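Reproduced below: protein.pdb, with PDB, C-alpha atoms.
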```pdb
MODEL        1
ATOM      1  CA  MET Q   1      82.111  75.700  93.145
ATOM      2  CA  LEU Q   2      79.083  76.898  95.097
ATOM      3  CA  THR Q   3      80.742  75.899  98.344
ATOM      4  CA  ALA Q   4      83.879  77.811  97.328
ATOM      5  CA  ASP Q   5      81.792  80.873  96.436
ATOM      6  CA  ARG Q   6      80.067  80.802  99.798
ATOM      7  CA  VAL Q   7      83.204  80.198 101.853
ATOM      8  CA  ILE Q   8      85.230  82.892 100.102
ATOM      9  CA  ALA Q   9      82.343  85.392 100.170
ATOM     10  CA  ALA Q  10      81.819  84.766 103.895
ATOM     11  CA  ALA Q  11      85.550  85.229 104.523
ATOM     12  CA  LEU Q  12      85.460  88.489 102.544
ATOM     13  CA  MET Q  13      82.501  89.679 104.608
ATOM     14  CA  VAL Q  14      84.395  88.976 107.833
ATOM     15  CA  LEU Q  15      87.493  90.729 106.470
ATOM     16  CA  SER Q  16      85.376  93.687 105.313
ATOM     17  CA  ALA Q  17      83.754  94.035 108.733
ATOM     18  CA  TYR Q  18      87.210  93.966 110.327
ATOM     19  CA  PHE Q  19      88.456  96.688 107.946
ATOM     20  CA  MET Q  20      85.372  98.840 108.585
ATOM     21  CA  TRP Q  21      85.831  98.489 112.342
ATOM     22  CA  HIS Q  22      89.471  99.585 112.097
ATOM     23  CA  ALA Q  23      88.661 102.407 109.671
ATOM     24  CA  THR Q  24      86.383 103.999 112.292
ATOM     25  CA  ALA Q  25      89.497 104.811 114.346
ATOM     26  CA  LEU Q  26      89.831 107.727 111.906
ATOM     27  CA  PRO Q  27      87.025 110.067 110.838
ATOM     28  CA  ILE Q  28      84.951 108.536 108.055
ATOM     29  CA  GLY Q  29      82.840 111.586 107.259
ATOM     30  CA  TRP Q  30      83.662 114.879 105.610
ATOM     31  CA  ASN Q  31      86.492 116.739 107.326
ATOM     32  CA  GLY Q  32      85.648 120.441 107.433
ATOM     33  CA  MET Q  33      89.210 121.457 108.356
ATOM     34  CA  THR Q  34      90.845 119.950 105.271
ATOM     35  CA  GLY Q  35      87.846 120.255 102.978
ATOM     36  CA  GLY Q  36      87.946 116.561 102.128
ATOM     37  CA  PRO Q  37      87.061 113.133 103.388
ATOM     38  CA  GLY Q  38      88.414 111.936 106.717
ATOM     39  CA  GLY Q  39      91.326 109.526 106.858
ATOM     40  CA  GLY Q  40      89.076 106.512 107.378
ATOM     41  CA  ALA Q  41      86.535 107.356 104.677
ATOM     42  CA  PHE Q  42      88.056 105.467 101.753
ATOM     43  CA  PRO Q  43      88.929 102.313 103.723
ATOM     44  CA  PHE Q  44      85.515 102.300 105.415
ATOM     45  CA  TRP Q  45      83.386 102.827 102.326
ATOM     46  CA  LEU Q  46      85.441 100.530 100.096
ATOM     47  CA  SER Q  47      85.162  97.832 102.765
ATOM     48  CA  ALA Q  48      81.420  98.463 103.000
ATOM     49  CA  ILE Q  49      81.102  97.992  99.235
ATOM     50  CA  MET Q  50      83.153  94.789  99.485
ATOM     51  CA  PHE Q  51      80.867  93.581 102.308
ATOM     52  CA  VAL Q  52      77.710  94.212 100.281
ATOM     53  CA  THR Q  53      79.059  92.590  97.104
ATOM     54  CA  ALA Q  54      80.270  89.530  99.028
ATOM     55  CA  GLY Q  55      76.796  89.280 100.549
ATOM     56  CA  ALA Q  56      75.320  89.461  97.042
ATOM     57  CA  ILE Q  57      77.566  86.562  95.993
ATOM     58  CA  ILE Q  58      76.219  84.469  98.856
ATOM     59  CA  VAL Q  59      72.608  85.336  97.976
ATOM     60  CA  ARG Q  60      73.259  84.547  94.310
ATOM     61  CA  SER Q  61      74.827  81.192  95.196
ATOM     62  CA  PHE Q  62      71.526  80.054  96.700
ATOM     63  CA  ARG Q  63      69.527  81.125  93.647
ATOM     64  CA  ILE Q  64      71.460  79.383  90.871
ATOM     65  CA  LYS Q  65      71.531  75.729  89.904
ATOM     66  CA  PHE Q  66      74.922  74.103  89.421
ATOM     67  CA  ASP Q  67      75.898  70.710  87.955
ATOM     68  CA  ASN Q  68      78.060  69.510  90.824
ATOM     69  CA  PRO Q  69      77.580  71.582  93.977
ATOM     70  CA  ASP Q  70      79.989  69.357  95.934
ATOM     71  CA  THR Q  71      83.043  70.459  93.930
ATOM     72  CA  PHE Q  72      85.015  73.024  95.901
ATOM     73  CA  PHE Q  73      87.812  73.762  93.418
ATOM     74  CA  ASP Q  74      88.877  71.776  90.408
ATOM     75  CA  GLN Q  75      92.627  71.398  89.914
ATOM     76  CA  GLU Q  76      92.875  73.974  87.123
ATOM     77  CA  THR Q  77      91.067  76.645  89.152
ATOM     78  CA  LEU Q  78      93.158  75.938  92.237
ATOM     79  CA  ARG Q  79      96.367  76.187  90.195
ATOM     80  CA  ALA Q  80      95.274  79.525  88.689
ATOM     81  CA  VAL Q  81      94.380  80.934  92.118
ATOM     82  CA  LEU Q  82      97.724  79.841  93.584
ATOM     83  CA  VAL Q  83      99.659  81.325  90.643
ATOM     84  CA  VAL Q  84      97.900  84.680  91.053
ATOM     85  CA  ILE Q  85      98.460  84.638  94.829
ATOM     86  CA  GLY Q  86     102.141  83.896  94.231
ATOM     87  CA  SER Q  87     102.450  86.751  91.754
ATOM     88  CA  LEU Q  88     100.768  89.130  94.214
ATOM     89  CA  VAL Q  89     103.239  88.060  96.915
ATOM     90  CA  VAL Q  90     106.114  88.824  94.505
ATOM     91  CA  THR Q  91     104.536  92.207  93.687
ATOM     92  CA  ILE Q  92     104.155  93.130  97.362
ATOM     93  CA  THR Q  93     107.713  91.962  98.058
ATOM     94  CA  LEU Q  94     109.027  94.201  95.258
ATOM     95  CA  MET Q  95     107.205  97.315  96.520
ATOM     96  CA  PRO Q  96     109.718  98.507  99.159
ATOM     97  CA  TRP Q  97     112.692  97.955  96.864
ATOM     98  CA  ALA Q  98     111.356  98.849  93.396
ATOM     99  CA  GLY Q  99     108.379 100.971  94.430
ATOM    100  CA  ALA Q 100     104.733 100.879  93.462
ATOM    101  CA  TYR Q 101     105.391 102.463  90.075
ATOM    102  CA  ILE Q 102     107.589  99.546  89.002
ATOM    103  CA  ALA Q 103     106.037  96.617  90.901
ATOM    104  CA  LEU Q 104     102.417  97.273  89.860
ATOM    105  CA  PRO Q 105     103.111  97.706  86.123
ATOM    106  CA  LEU Q 106     105.220  94.532  86.172
ATOM    107  CA  PHE Q 107     102.317  92.678  87.793
ATOM    108  CA  LEU Q 108      99.849  94.117  85.279
ATOM    109  CA  LEU Q 109     102.120  93.220  82.363
ATOM    110  CA  TRP Q 110     102.421  89.640  83.606
ATOM    111  CA  TYR Q 111      98.751  89.308  84.563
ATOM    112  CA  LEU Q 112      97.317  90.763  81.364
ATOM    113  CA  LYS Q 113      99.737  89.460  78.733
ATOM    114  CA  VAL Q 114     101.080  86.190  80.137
ATOM    115  CA  PHE Q 115      98.341  84.943  82.459
ATOM    116  CA  GLY Q 116      95.322  86.510  80.751
ATOM    117  CA  LYS Q 117      96.654  86.291  77.158
ATOM    118  CA  HIS Q 118      95.245  89.721  76.268
ATOM    119  CA  GLY Q 119      96.461  91.739  73.301
ATOM    120  CA  TRP Q 120      99.327  94.191  73.402
ATOM    121  CA  THR Q 121      97.083  97.249  73.020
ATOM    122  CA  LEU Q 122      95.100  96.591  76.189
ATOM    123  CA  THR Q 123      98.166  95.357  78.054
ATOM    124  CA  LEU Q 124     100.284  98.428  77.283
ATOM    125  CA  LEU Q 125      97.398 100.838  77.813
ATOM    126  CA  LEU Q 126      96.702  99.502  81.311
ATOM    127  CA  THR Q 127     100.338  98.834  82.206
ATOM    128  CA  LEU Q 128     101.422 102.378  81.348
ATOM    129  CA  GLY Q 129      98.196 104.174  82.259
ATOM    130  CA  THR Q 130      97.776 102.711  85.748
ATOM    131  CA  PRO Q 131     100.932 104.222  87.290
ATOM    132  CA  VAL Q 132     100.100 107.623  85.799
ATOM    133  CA  PHE Q 133      96.573 107.441  87.206
ATOM    134  CA  LEU Q 134      97.873 106.266  90.606
ATOM    135  CA  PHE Q 135     100.384 109.114  90.764
ATOM    136  CA  PHE Q 136      97.814 111.809  90.050
ATOM    137  CA  PHE Q 137      95.099 110.243  92.216
ATOM    138  CA  PHE Q 138      97.121 109.378  95.304
ATOM    139  CA  GLU Q 139     100.087 111.710  95.279
ATOM    140  CA  VAL Q 140      98.747 114.857  93.625
ATOM    141  CA  THR Q 141      95.057 114.759  94.566
ATOM    142  CA  LEU Q 142      95.031 112.984  97.939
ATOM    143  CA  LYS Q 143      98.622 113.849  98.968
ATOM    144  CA  ILE Q 144      99.275 110.193  99.876
ATOM    145  CA  LEU Q 145     102.790 109.159  98.934
ATOM    146  CA  LEU Q 146     103.204 105.671  97.537
ATOM    147  CA  PRO Q 147     106.453 103.723  97.995
ATOM    148  CA  LYS Q 148     108.974 104.509  95.267
ATOM    149  CA  GLY Q 149     112.025 102.460  96.197
ATOM    150  CA  PHE Q 150     115.070 103.171  94.077
ATOM    151  CA  THR Q 151     112.997 105.293  91.643
ATOM    152  CA  GLU Q 152     112.396 108.081  94.170
ATOM    153  CA  PRO Q 153     114.997 110.493  92.664
ATOM    154  CA  LEU Q 154     113.067 110.372  89.388
ATOM    155  CA  PHE Q 155     110.044 111.913  91.126
ATOM    156  CA  ILE Q 156     111.824 115.042  92.415
ATOM    157  CA  PRO Q 157     110.991 117.099  89.280
ATOM    158  CA  LEU Q 158     107.345 115.996  89.517
ATOM    159  CA  TYR Q 159     107.207 116.974  93.186
ATOM    160  CA  ALA Q 160     108.661 120.397  92.337
ATOM    161  CA  ARG Q 161     105.903 120.873  89.771
ATOM    162  CA  PHE Q 162     102.902 119.626  91.768
ATOM    163  CA  PHE Q 163     103.757 120.523  95.357
TER     164      PHE Q 163
ENDMDL
END
```
Step by step, read the file and then write its structure as structure tokens.
Amino acid sequence: MLTADRVIAAALMVLSAYFMWHATALPIGWNGMTGGPGGGAFPFWLSAIMFVTAGAIIVRSFRIKFDNPDTFFDQETLRAVLVVIGSLVVTITLMPWAGAYIALPLFLLWYLKVFGKHGWTLTLLLTLGTPVFLFFFFEVTLKILLPKGFTEPLFIPLYARFF
């Protein structure tokens, strides 16, 4: 598993550096004209955080002792990773048609209840609370519209209230 940790963390560091480089095409500092962060601020700083945490994973992997450092992935771990990747592909495929407010809660419902075997309280709280949070954070606060697919007519009354 140590080899897997190092390989994945290194790949995340490369991906983070790539994202940071592309984010600098937009302003990453405070934009005085709009009174908010520049368009590249969130991608840049989130990628920077991802870079630092991936680096911490690599550092940690050299400090810990592990039973079998030659094992990359056992079969159960590989299966779980592939199932989650498959479910994310289905979620991303659903986004243009069903929208973020349907696709993401369906993913969360599956991931928390079926895959993670969590209780109904946590599952419903996160499944119903996440789209509400996303709407207010992205659409109302940041004015970034998320894909809505066939549910877009349902948002017209909300747009009339908040915009």
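Using only C-alpha atoms, the shortest contact distance between Ala17 of chain Q and any of Q:Asn31, Q:Ser87, Q:Ser47, Q:Gln75 is found at Q:Ser47.
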Selection result of the PyMOL selection byres ((chain Q and resi 98-106) around 12) on this file, as a JSON list (two decimals) with C-alpha atoms, in the coordinates of the input:
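Result written to part24.json:
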```
[["chain", "number", "residue", "atom", "x", "y", "z"],
["Q", 87, "SER", "CA", 102.45, 86.75, 91.75],
["Q", 88, "LEU", "CA", 100.77, 89.13, 94.21],
["Q", 89, "VAL", "CA", 103.24, 88.06, 96.92],
["Q", 90, "VAL", "CA", 106.11, 88.82, 94.50],
["Q", 91, "THR", "CA", 104.54, 92.21, 93.69],
["Q", 92, "ILE", "CA", 104.16, 93.13, 97.36],
["Q", 93, "THR", "CA", 107.71, 91.96, 98.06],
["Q", 94, "LEU", "CA", 109.03, 94.20, 95.26],
["Q", 95, "MET", "CA", 107.20, 97.32, 96.52],
["Q", 96, "PRO", "CA", 109.72, 98.51, 99.16],
["Q", 97, "TRP", "CA", 112.69, 97.96, 96.86],
["Q", 107, "PHE", "CA", 102.32, 92.68, 87.79],
["Q", 108, "LEU", "CA", 99.85, 94.12, 85.28],
["Q", 109, "LEU", "CA", 102.12, 93.22, 82.36],
["Q", 110, "TRP", "CA", 102.42, 89.64, 83.61],
["Q", 111, "TYR", "CA", 98.75, 89.31, 84.56],
["Q", 112, "LEU", "CA", 97.32, 90.76, 81.36],
["Q", 113, "LYS", "CA", 99.74, 89.46, 78.73],
["Q", 114, "VAL", "CA", 101.08, 86.19, 80.14],
["Q", 123, "THR", "CA", 98.17, 95.36, 78.05],
["Q", 124, "LEU", "CA", 100.28, 98.43, 77.28],
["Q", 125, "LEU", "CA", 97.40, 100.84, 77.81],
["Q", 126, "LEU", "CA", 96.70, 99.50, 81.31],
["Q", 127, "THR", "CA", 100.34, 98.83, 82.21],
["Q", 128, "LEU", "CA", 101.42, 102.38, 81.35],
["Q", 129, "GLY", "CA", 98.20, 104.17, 82.26],
["Q", 130, "THR", "CA", 97.78, 102.71, 85.75],
["Q", 131, "PRO", "CA", 100.93, 104.22, 87.29],
["Q", 132, "VAL", "CA", 100.10, 107.62, 85.80],
["Q", 133, "PHE", "CA", 96.57, 107.44, 87.21],
["Q", 134, "LEU", "CA", 97.87, 106.27, 90.61],
["Q", 135, "PHE", "CA", 100.38, 109.11, 90.76],
["Q", 138, "PHE", "CA", 97.12, 109.38, 95.30],
["Q", 139, "GLU", "CA", 100.09, 111.71, 95.28],
["Q", 145, "LEU", "CA", 102.79, 109.16, 98.93],
["Q", 146, "LEU", "CA", 103.20, 105.67, 97.54],
["Q", 147, "PRO", "CA", 106.45, 103.72, 98.00],
["Q", 148, "LYS", "CA", 108.97, 104.51, 95.27],
["Q", 149, "GLY", "CA", 112.02, 102.46, 96.20],
["Q", 150, "PHE", "CA", 115.07, 103.17, 94.08],
["Q", 151, "THR", "CA", 113.00, 105.29, 91.64],
["Q", 152, "GLU", "CA", 112.40, 108.08, 94.17],
["Q", 153, "PRO", "CA", 115.00, 110.49, 92.66],
["Q", 154, "LEU", "CA", 113.07, 110.37, 89.39],
["Q", 155, "PHE", "CA", 110.04, 111.91, 91.13]]
```
Report task. Please indicate the distance in Å from atom CA of Phe51 of chain Q to atom CA of Ala4 of chain Q, rounded to one decimal place. Result ->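 It comes out at 16.8 Å.
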**Report entry** Distance criterion (only C-alpha atoms): nearest to Gly29 of chain Q out of Q:Ile49, Q:Ala41, Q:Ile64, Q:Leu2
**Finding:** Q:Ala41
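Minimum atom-to-atom distance to Thr53 of chain Q, evaluated using only C-alpha atoms, belongs to Q:Leu12 out of Q:Leu26, Q:Leu12, Q:Gly40, Q:Ala160.
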**Report entry** Distance query Tyr18 of chain Q at most 12 Å, only C-alpha atoms, self and fewer than 3 positions along chain excluded, as number ranges by chain
**Finding:** Q: 11-15, 21-25, 43-44, 47-48, 50-51
Once you have the residues from the selection above, write them out as a PDB file, in the coordinates of the input, restricted to C-alpha atoms.
```pdb
ATOM      1  CA  ALA Q  11      85.550  85.229 104.523  1.00  0.00           C
ATOM      2  CA  LEU Q  12      85.460  88.489 102.544  1.00  0.00           C
ATOM      3  CA  MET Q  13      82.501  89.679 104.608  1.00  0.00           C
ATOM      4  CA  VAL Q  14      84.395  88.976 107.833  1.00  0.00           C
ATOM      5  CA  LEU Q  15      87.493  90.729 106.470  1.00  0.00           C
ATOM      6  CA  TRP Q  21      85.831  98.489 112.342  1.00  0.00           C
ATOM      7  CA  HIS Q  22      89.471  99.585 112.097  1.00  0.00           C
ATOM      8  CA  ALA Q  23      88.661 102.407 109.671  1.00  0.00           C
ATOM      9  CA  THR Q  24      86.383 103.999 112.292  1.00  0.00           C
ATOM     10  CA  ALA Q  25      89.497 104.811 114.346  1.00  0.00           C
ATOM     11  CA  PRO Q  43      88.929 102.313 103.723  1.00  0.00           C
ATOM     12  CA  PHE Q  44      85.515 102.300 105.415  1.00  0.00           C
ATOM     13  CA  SER Q  47      85.162  97.832 102.765  1.00  0.00           C
ATOM     14  CA  ALA Q  48      81.420  98.463 103.000  1.00  0.00           C
ATOM     15  CA  MET Q  50      83.153  94.789  99.485  1.00  0.00           C
ATOM     16  CA  PHE Q  51      80.867  93.581 102.308  1.00  0.00           C
TER      17      PHE Q  51
END
```
Report summary line: A straight line from atom CA of Leu122 of chain Q to atom CA of Gly86 of chain Q spans 23.2 Å
